[in-house]
Amino acid sequence: MSEEVGSYPTSGNENNLATGLRVPQEPDDPDFPEQRNSPYRYLVVTERLAACTFLVGTLGLIILQVVSRYIFNSPFSWTEELARFGLLWFTFVSAGFVMARRIHIAVDIVASKLGRKGTVVLDTFALAMVIIASGMMAFAGAEFAAEAARLQAPATSLPMSLVYSSAVVGFTLICFHALVHMYLNIRHPELVPDAMENLEREAV
């Protein structure tokens, strides 16, 4: 029986997803936890919208700075500073979204040589390292942001704790998504992507 156009295959091991679930074909498609849990899906969508907002806002601030400087010869003193802060927030929020969709850059040379069980073990170990590292960075970042609360940005007078909180939010999101993926590795090892699978999906 031929598959309908636009439908998602639900059999075979092409994407290692349980039967009956939509198989993600592109990075924009929701993965297993998003299909099964609405609050988690809303969180991922919020991360994506926030990242897009920071990116567009940063671009707008840069354009405003260029226009005010070279056309009106009266540059604003706050646009460059806000653009830097927006870029920081964009970077860390985007990192959380990328971790949620598992489309981050990864070296799969070792995983491609292992069997199915070895791939699951290796992926779980990698996630454990991500959880430890991101958890430590989030904790250290929170302490640093708290200490910087009394400092203000020179042009906008914004508290520097607001700027440094971007790292706290980003690493917290990374840690949380890694915990979700580790749980799935344990409960649903068939969901662990094969080596190079996410890169192939991204290239589609």
# chains A, B, ... in the order shown; residues from 1 in each chain; ligands from 1
$ select_by_dssp --residues "range 7-146 of chain A" --states "helix (DSSP H, G or I)" --output "VMD selection string"
chain A and resid 32 to 36 38 to 70 79 to 101 111 to 113 116 to 146
$ closest_atom_pairs --of "range 88-180 of chain A" --to "range 69-78 of chain A" --cutoff "10 Å" --atoms "only C-alpha atoms" --output "tab-separated table"
residue	atom	partner	partner_atom	distance
A:Ala153	CA	A:Trp78	CA	9.7
A:Pro154	CA	A:Trp78	CA	8.9
A:Ala155	CA	A:Trp78	CA	5.2
A:Thr156	CA	A:Trp78	CA	5.7
A:Ser157	CA	A:Trp78	CA	9.4
$ write_last_selection --atoms "all heavy atoms" --output "compact mmCIF listing (two decimals), in the first residue's frame"
# COMPACT_ATOMS: atom_id res chain seq x y z
N ALA A 153 24.36 49.04 33.46
CA ALA A 153 24.95 49.26 32.15
C ALA A 153 25.15 50.76 31.93
O ALA A 153 24.28 51.56 32.33
CB ALA A 153 24.05 48.68 31.06
N PRO A 154 26.25 51.17 31.33
CA PRO A 154 26.55 52.61 31.23
C PRO A 154 25.57 53.40 30.39
O PRO A 154 25.27 54.55 30.72
CB PRO A 154 27.96 52.62 30.62
CG PRO A 154 28.10 51.28 29.96
CD PRO A 154 27.31 50.33 30.78
N ALA A 155 25.06 52.83 29.30
CA ALA A 155 24.21 53.60 28.38
C ALA A 155 22.73 53.51 28.72
O ALA A 155 22.00 54.50 28.60
CB ALA A 155 24.44 53.14 26.94
N THR A 156 22.29 52.35 29.12
CA THR A 156 20.86 52.14 29.37
C THR A 156 20.49 52.12 30.85
O THR A 156 19.30 52.15 31.18
CB THR A 156 20.41 50.81 28.74
OG1 THR A 156 21.16 49.73 29.32
CG2 THR A 156 20.64 50.82 27.24
N SER A 157 21.47 52.02 31.72
CA SER A 157 21.26 51.94 33.17
C SER A 157 20.50 50.68 33.58
O SER A 157 19.93 50.62 34.67
CB SER A 157 20.52 53.18 33.69
OG SER A 157 21.30 54.34 33.48
$ residues_around --residues "Val44 in chain A" --least-positions-apart "4" --cutoff "12 Å" --atoms "only C-alpha atoms" --output "MDAnalysis selection string"
chainID A and resid 28:31 33:35 37:40 48:51 93:102 173:174 176:177
$ residues_around --residues "range 52-57 of chain A" --least-positions-apart "3" --cutoff "6 Å" --atoms "only C-alpha atoms" --output "CSV table (one decimal) with all heavy atoms, in the first residue's frame"
chain,number,residue,atom,x,y,z
A,49,LEU,N,9.9,31.3,19.7
A,49,LEU,CA,9.4,32.6,19.5
A,49,LEU,C,10.2,33.7,20.2
A,49,LEU,O,10.5,34.7,19.6
A,49,LEU,CB,7.9,32.7,20.0
A,49,LEU,CG,6.9,31.9,19.2
A,49,LEU,CD1,5.5,32.0,19.9
A,49,LEU,CD2,6.8,32.4,17.7
A,60,GLY,N,16.9,45.0,14.3
A,60,GLY,CA,16.2,46.4,14.2
A,60,GLY,C,17.1,47.4,14.9
A,60,GLY,O,17.2,48.5,14.4
A,86,GLY,N,20.6,42.0,23.5
A,86,GLY,CA,19.7,41.1,22.8
A,86,GLY,C,20.4,39.9,22.1
A,86,GLY,O,19.8,38.9,22.0
A,90,PHE,N,19.5,36.1,22.7
A,90,PHE,CA,19.2,35.2,21.6
A,90,PHE,C,20.0,34.0,21.5
A,90,PHE,O,19.5,32.9,21.3
A,90,PHE,CB,19.4,36.0,20.3
A,90,PHE,CG,19.5,35.2,19.0
A,90,PHE,CD1,18.4,34.6,18.5
A,90,PHE,CD2,20.7,35.0,18.4
A,90,PHE,CE1,18.5,33.8,17.4
A,90,PHE,CE2,20.8,34.2,17.3
A,90,PHE,CZ,19.7,33.6,16.8
$ residues_around --residues "Val168 in chain A" --least-positions-apart "3" --cutoff "8 Å" --atoms "only C-alpha atoms" --output "PyMOL selection string"
chain A and resi 137-139+141-142+164-165+171-172
$ write_last_selection --atoms "C-alpha atoms" --output "CSV table (one decimal), in the first residue's frame"
chain,number,residue,atom,x,y,z
A,137,MET,CA,27.1,26.7,34.7
A,138,ALA,CA,23.5,27.7,35.6
A,139,PHE,CA,24.3,27.6,39.3
A,141,GLY,CA,25.7,32.0,36.5
A,142,ALA,CA,23.0,32.6,39.1
A,164,TYR,CA,23.9,37.8,33.0
A,165,SER,CA,20.6,36.1,33.6
A,171,PHE,CA,21.9,26.7,30.7
A,172,THR,CA,18.8,25.9,32.8
$ residues_around --residues "Ser161 in chain A" --least-positions-apart "4" --cutoff "6 Å" --atoms "only C-alpha atoms" --output "list in words"
Ala145, Ala148, Ala149 and Ser165 of chain A
$ residues_around --residues "range 116-133 of chain A" --least-positions-apart "2" --cutoff "6 Å" --atoms "only C-alpha atoms" --output "list in words"
Ala111, Leu114, Gly135, Met136, Cys175, Ala178 and Met182 of chain A
$ atom_distance --atom1 "CA of Ala83 in chain A" --atom2 "CA of Leu61 in chain A"
5.8 Å
$ decode --residues "range 97-109 of chain A" --atoms "all heavy atoms" --output "PDB file, in the first residue's frame"
ATOM      1  N   PHE A  97      16.461  25.887  22.708  1.00  0.00           N
ATOM      2  CA  PHE A  97      15.607  25.348  21.650  1.00  0.00           C
ATOM      3  C   PHE A  97      16.331  24.274  20.848  1.00  0.00           C
ATOM      4  O   PHE A  97      15.765  23.222  20.515  1.00  0.00           O
ATOM      5  CB  PHE A  97      15.147  26.474  20.731  1.00  0.00           C
ATOM      6  CG  PHE A  97      14.426  25.989  19.504  1.00  0.00           C
ATOM      7  CD1 PHE A  97      13.125  25.530  19.604  1.00  0.00           C
ATOM      8  CD2 PHE A  97      15.047  25.994  18.272  1.00  0.00           C
ATOM      9  CE1 PHE A  97      12.453  25.078  18.478  1.00  0.00           C
ATOM     10  CE2 PHE A  97      14.384  25.538  17.145  1.00  0.00           C
ATOM     11  CZ  PHE A  97      13.076  25.090  17.249  1.00  0.00           C
ATOM     12  N   VAL A  98      17.591  24.533  20.526  1.00  0.00           N
ATOM     13  CA  VAL A  98      18.379  23.553  19.771  1.00  0.00           C
ATOM     14  C   VAL A  98      18.518  22.249  20.551  1.00  0.00           C
ATOM     15  O   VAL A  98      18.438  21.152  19.995  1.00  0.00           O
ATOM     16  CB  VAL A  98      19.764  24.142  19.422  1.00  0.00           C
ATOM     17  CG1 VAL A  98      20.708  23.069  18.905  1.00  0.00           C
ATOM     18  CG2 VAL A  98      19.620  25.245  18.387  1.00  0.00           C
ATOM     19  N   MET A  99      18.712  22.349  21.876  1.00  0.00           N
ATOM     20  CA  MET A  99      18.799  21.147  22.700  1.00  0.00           C
ATOM     21  C   MET A  99      17.468  20.410  22.734  1.00  0.00           C
ATOM     22  O   MET A  99      17.440  19.176  22.720  1.00  0.00           O
ATOM     23  CB  MET A  99      19.220  21.530  24.122  1.00  0.00           C
ATOM     24  CG  MET A  99      19.515  20.341  25.016  1.00  0.00           C
ATOM     25  SD  MET A  99      20.996  19.461  24.452  1.00  0.00           S
ATOM     26  CE  MET A  99      20.705  17.842  25.183  1.00  0.00           C
ATOM     27  N   ALA A 100      16.374  21.153  22.750  1.00  0.00           N
ATOM     28  CA  ALA A 100      15.063  20.520  22.787  1.00  0.00           C
ATOM     29  C   ALA A 100      14.814  19.692  21.538  1.00  0.00           C
ATOM     30  O   ALA A 100      14.266  18.582  21.604  1.00  0.00           O
ATOM     31  CB  ALA A 100      13.973  21.576  22.947  1.00  0.00           C
ATOM     32  N   ARG A 101      15.218  20.196  20.382  1.00  0.00           N
ATOM     33  CA  ARG A 101      15.004  19.501  19.113  1.00  0.00           C
ATOM     34  C   ARG A 101      16.159  18.572  18.742  1.00  0.00           C
ATOM     35  O   ARG A 101      16.107  17.911  17.711  1.00  0.00           O
ATOM     36  CB  ARG A 101      14.784  20.521  18.002  1.00  0.00           C
ATOM     37  CG  ARG A 101      13.460  21.281  18.118  1.00  0.00           C
ATOM     38  CD  ARG A 101      12.297  20.371  17.791  1.00  0.00           C
ATOM     39  NE  ARG A 101      11.018  21.033  18.020  1.00  0.00           N
ATOM     40  CZ  ARG A 101      10.385  21.794  17.122  1.00  0.00           C
ATOM     41  NH1 ARG A 101      10.938  22.013  15.941  1.00  0.00           N
ATOM     42  NH2 ARG A 101       9.220  22.328  17.406  1.00  0.00           N
ATOM     43  N   ARG A 102      17.207  18.558  19.553  1.00  0.00           N
ATOM     44  CA  ARG A 102      18.373  17.701  19.296  1.00  0.00           C
ATOM     45  C   ARG A 102      18.962  17.947  17.902  1.00  0.00           C
ATOM     46  O   ARG A 102      19.300  17.007  17.174  1.00  0.00           O
ATOM     47  CB  ARG A 102      18.002  16.229  19.456  1.00  0.00           C
ATOM     48  CG  ARG A 102      17.584  15.850  20.852  1.00  0.00           C
ATOM     49  CD  ARG A 102      17.280  14.381  20.966  1.00  0.00           C
ATOM     50  NE  ARG A 102      18.500  13.605  20.818  1.00  0.00           N
ATOM     51  CZ  ARG A 102      19.048  12.887  21.780  1.00  0.00           C
ATOM     52  NH1 ARG A 102      18.495  12.837  22.968  1.00  0.00           N
ATOM     53  NH2 ARG A 102      20.150  12.216  21.577  1.00  0.00           N
ATOM     54  N   ILE A 103      19.098  19.194  17.533  1.00  0.00           N
ATOM     55  CA  ILE A 103      19.687  19.535  16.240  1.00  0.00           C
ATOM     56  C   ILE A 103      21.000  20.288  16.435  1.00  0.00           C
ATOM     57  O   ILE A 103      21.453  21.014  15.555  1.00  0.00           O
ATOM     58  CB  ILE A 103      18.718  20.373  15.383  1.00  0.00           C
ATOM     59  CG1 ILE A 103      18.198  21.593  16.143  1.00  0.00           C
ATOM     60  CG2 ILE A 103      17.560  19.522  14.902  1.00  0.00           C
ATOM     61  CD1 ILE A 103      17.307  22.503  15.315  1.00  0.00           C
ATOM     62  N   HIS A 104      21.608  20.109  17.614  1.00  0.00           N
ATOM     63  CA  HIS A 104      22.897  20.723  17.878  1.00  0.00           C
ATOM     64  C   HIS A 104      23.985  19.972  17.101  1.00  0.00           C
ATOM     65  O   HIS A 104      23.796  18.837  16.660  1.00  0.00           O
ATOM     66  CB  HIS A 104      23.211  20.689  19.374  1.00  0.00           C
ATOM     67  CG  HIS A 104      22.988  19.343  19.993  1.00  0.00           C
ATOM     68  ND1 HIS A 104      21.738  18.920  20.380  1.00  0.00           N
ATOM     69  CD2 HIS A 104      23.827  18.322  20.261  1.00  0.00           C
ATOM     70  CE1 HIS A 104      21.828  17.703  20.875  1.00  0.00           C
ATOM     71  NE2 HIS A 104      23.077  17.309  20.805  1.00  0.00           N
ATOM     72  N   ILE A 105      25.115  20.609  16.952  1.00  0.00           N
ATOM     73  CA  ILE A 105      26.240  19.993  16.261  1.00  0.00           C
ATOM     74  C   ILE A 105      26.782  18.853  17.111  1.00  0.00           C
ATOM     75  O   ILE A 105      27.018  19.020  18.304  1.00  0.00           O
ATOM     76  CB  ILE A 105      27.346  21.029  15.977  1.00  0.00           C
ATOM     77  CG1 ILE A 105      26.807  22.127  15.046  1.00  0.00           C
ATOM     78  CG2 ILE A 105      28.573  20.362  15.369  1.00  0.00           C
ATOM     79  CD1 ILE A 105      27.791  23.245  14.808  1.00  0.00           C
ATOM     80  N   ALA A 106      26.969  17.707  16.505  1.00  0.00           N
ATOM     81  CA  ALA A 106      27.475  16.546  17.241  1.00  0.00           C
ATOM     82  C   ALA A 106      28.414  15.754  16.346  1.00  0.00           C
ATOM     83  O   ALA A 106      28.241  15.688  15.127  1.00  0.00           O
ATOM     84  CB  ALA A 106      26.319  15.653  17.700  1.00  0.00           C
ATOM     85  N   VAL A 107      29.415  15.141  16.951  1.00  0.00           N
ATOM     86  CA  VAL A 107      30.351  14.267  16.252  1.00  0.00           C
ATOM     87  C   VAL A 107      29.897  12.825  16.483  1.00  0.00           C
ATOM     88  O   VAL A 107      29.908  12.341  17.615  1.00  0.00           O
ATOM     89  CB  VAL A 107      31.798  14.475  16.750  1.00  0.00           C
ATOM     90  CG1 VAL A 107      32.741  13.537  16.021  1.00  0.00           C
ATOM     91  CG2 VAL A 107      32.224  15.929  16.566  1.00  0.00           C
ATOM     92  N   ASP A 108      29.500  12.155  15.416  1.00  0.00           N
ATOM     93  CA  ASP A 108      28.919  10.812  15.528  1.00  0.00           C
ATOM     94  C   ASP A 108      29.841   9.719  15.000  1.00  0.00           C
ATOM     95  O   ASP A 108      29.379   8.640  14.631  1.00  0.00           O
ATOM     96  CB  ASP A 108      27.594  10.756  14.767  1.00  0.00           C
ATOM     97  CG  ASP A 108      26.516  11.591  15.428  1.00  0.00           C
ATOM     98  OD1 ASP A 108      26.535  11.666  16.670  1.00  0.00           O
ATOM     99  OD2 ASP A 108      25.679  12.164  14.721  1.00  0.00           O
ATOM    100  N   ILE A 109      31.133   9.998  14.967  1.00  0.00           N
ATOM    101  CA  ILE A 109      32.059   9.006  14.420  1.00  0.00           C
ATOM    102  C   ILE A 109      32.031   7.730  15.251  1.00  0.00           C
ATOM    103  O   ILE A 109      31.957   6.621  14.720  1.00  0.00           O
ATOM    104  CB  ILE A 109      33.495   9.589  14.356  1.00  0.00           C
ATOM    105  CG1 ILE A 109      33.537  10.781  13.394  1.00  0.00           C
ATOM    106  CG2 ILE A 109      34.475   8.511  13.917  1.00  0.00           C
ATOM    107  CD1 ILE A 109      34.879  11.455  13.337  1.00  0.00           C
TER     108      ILE A 109
END
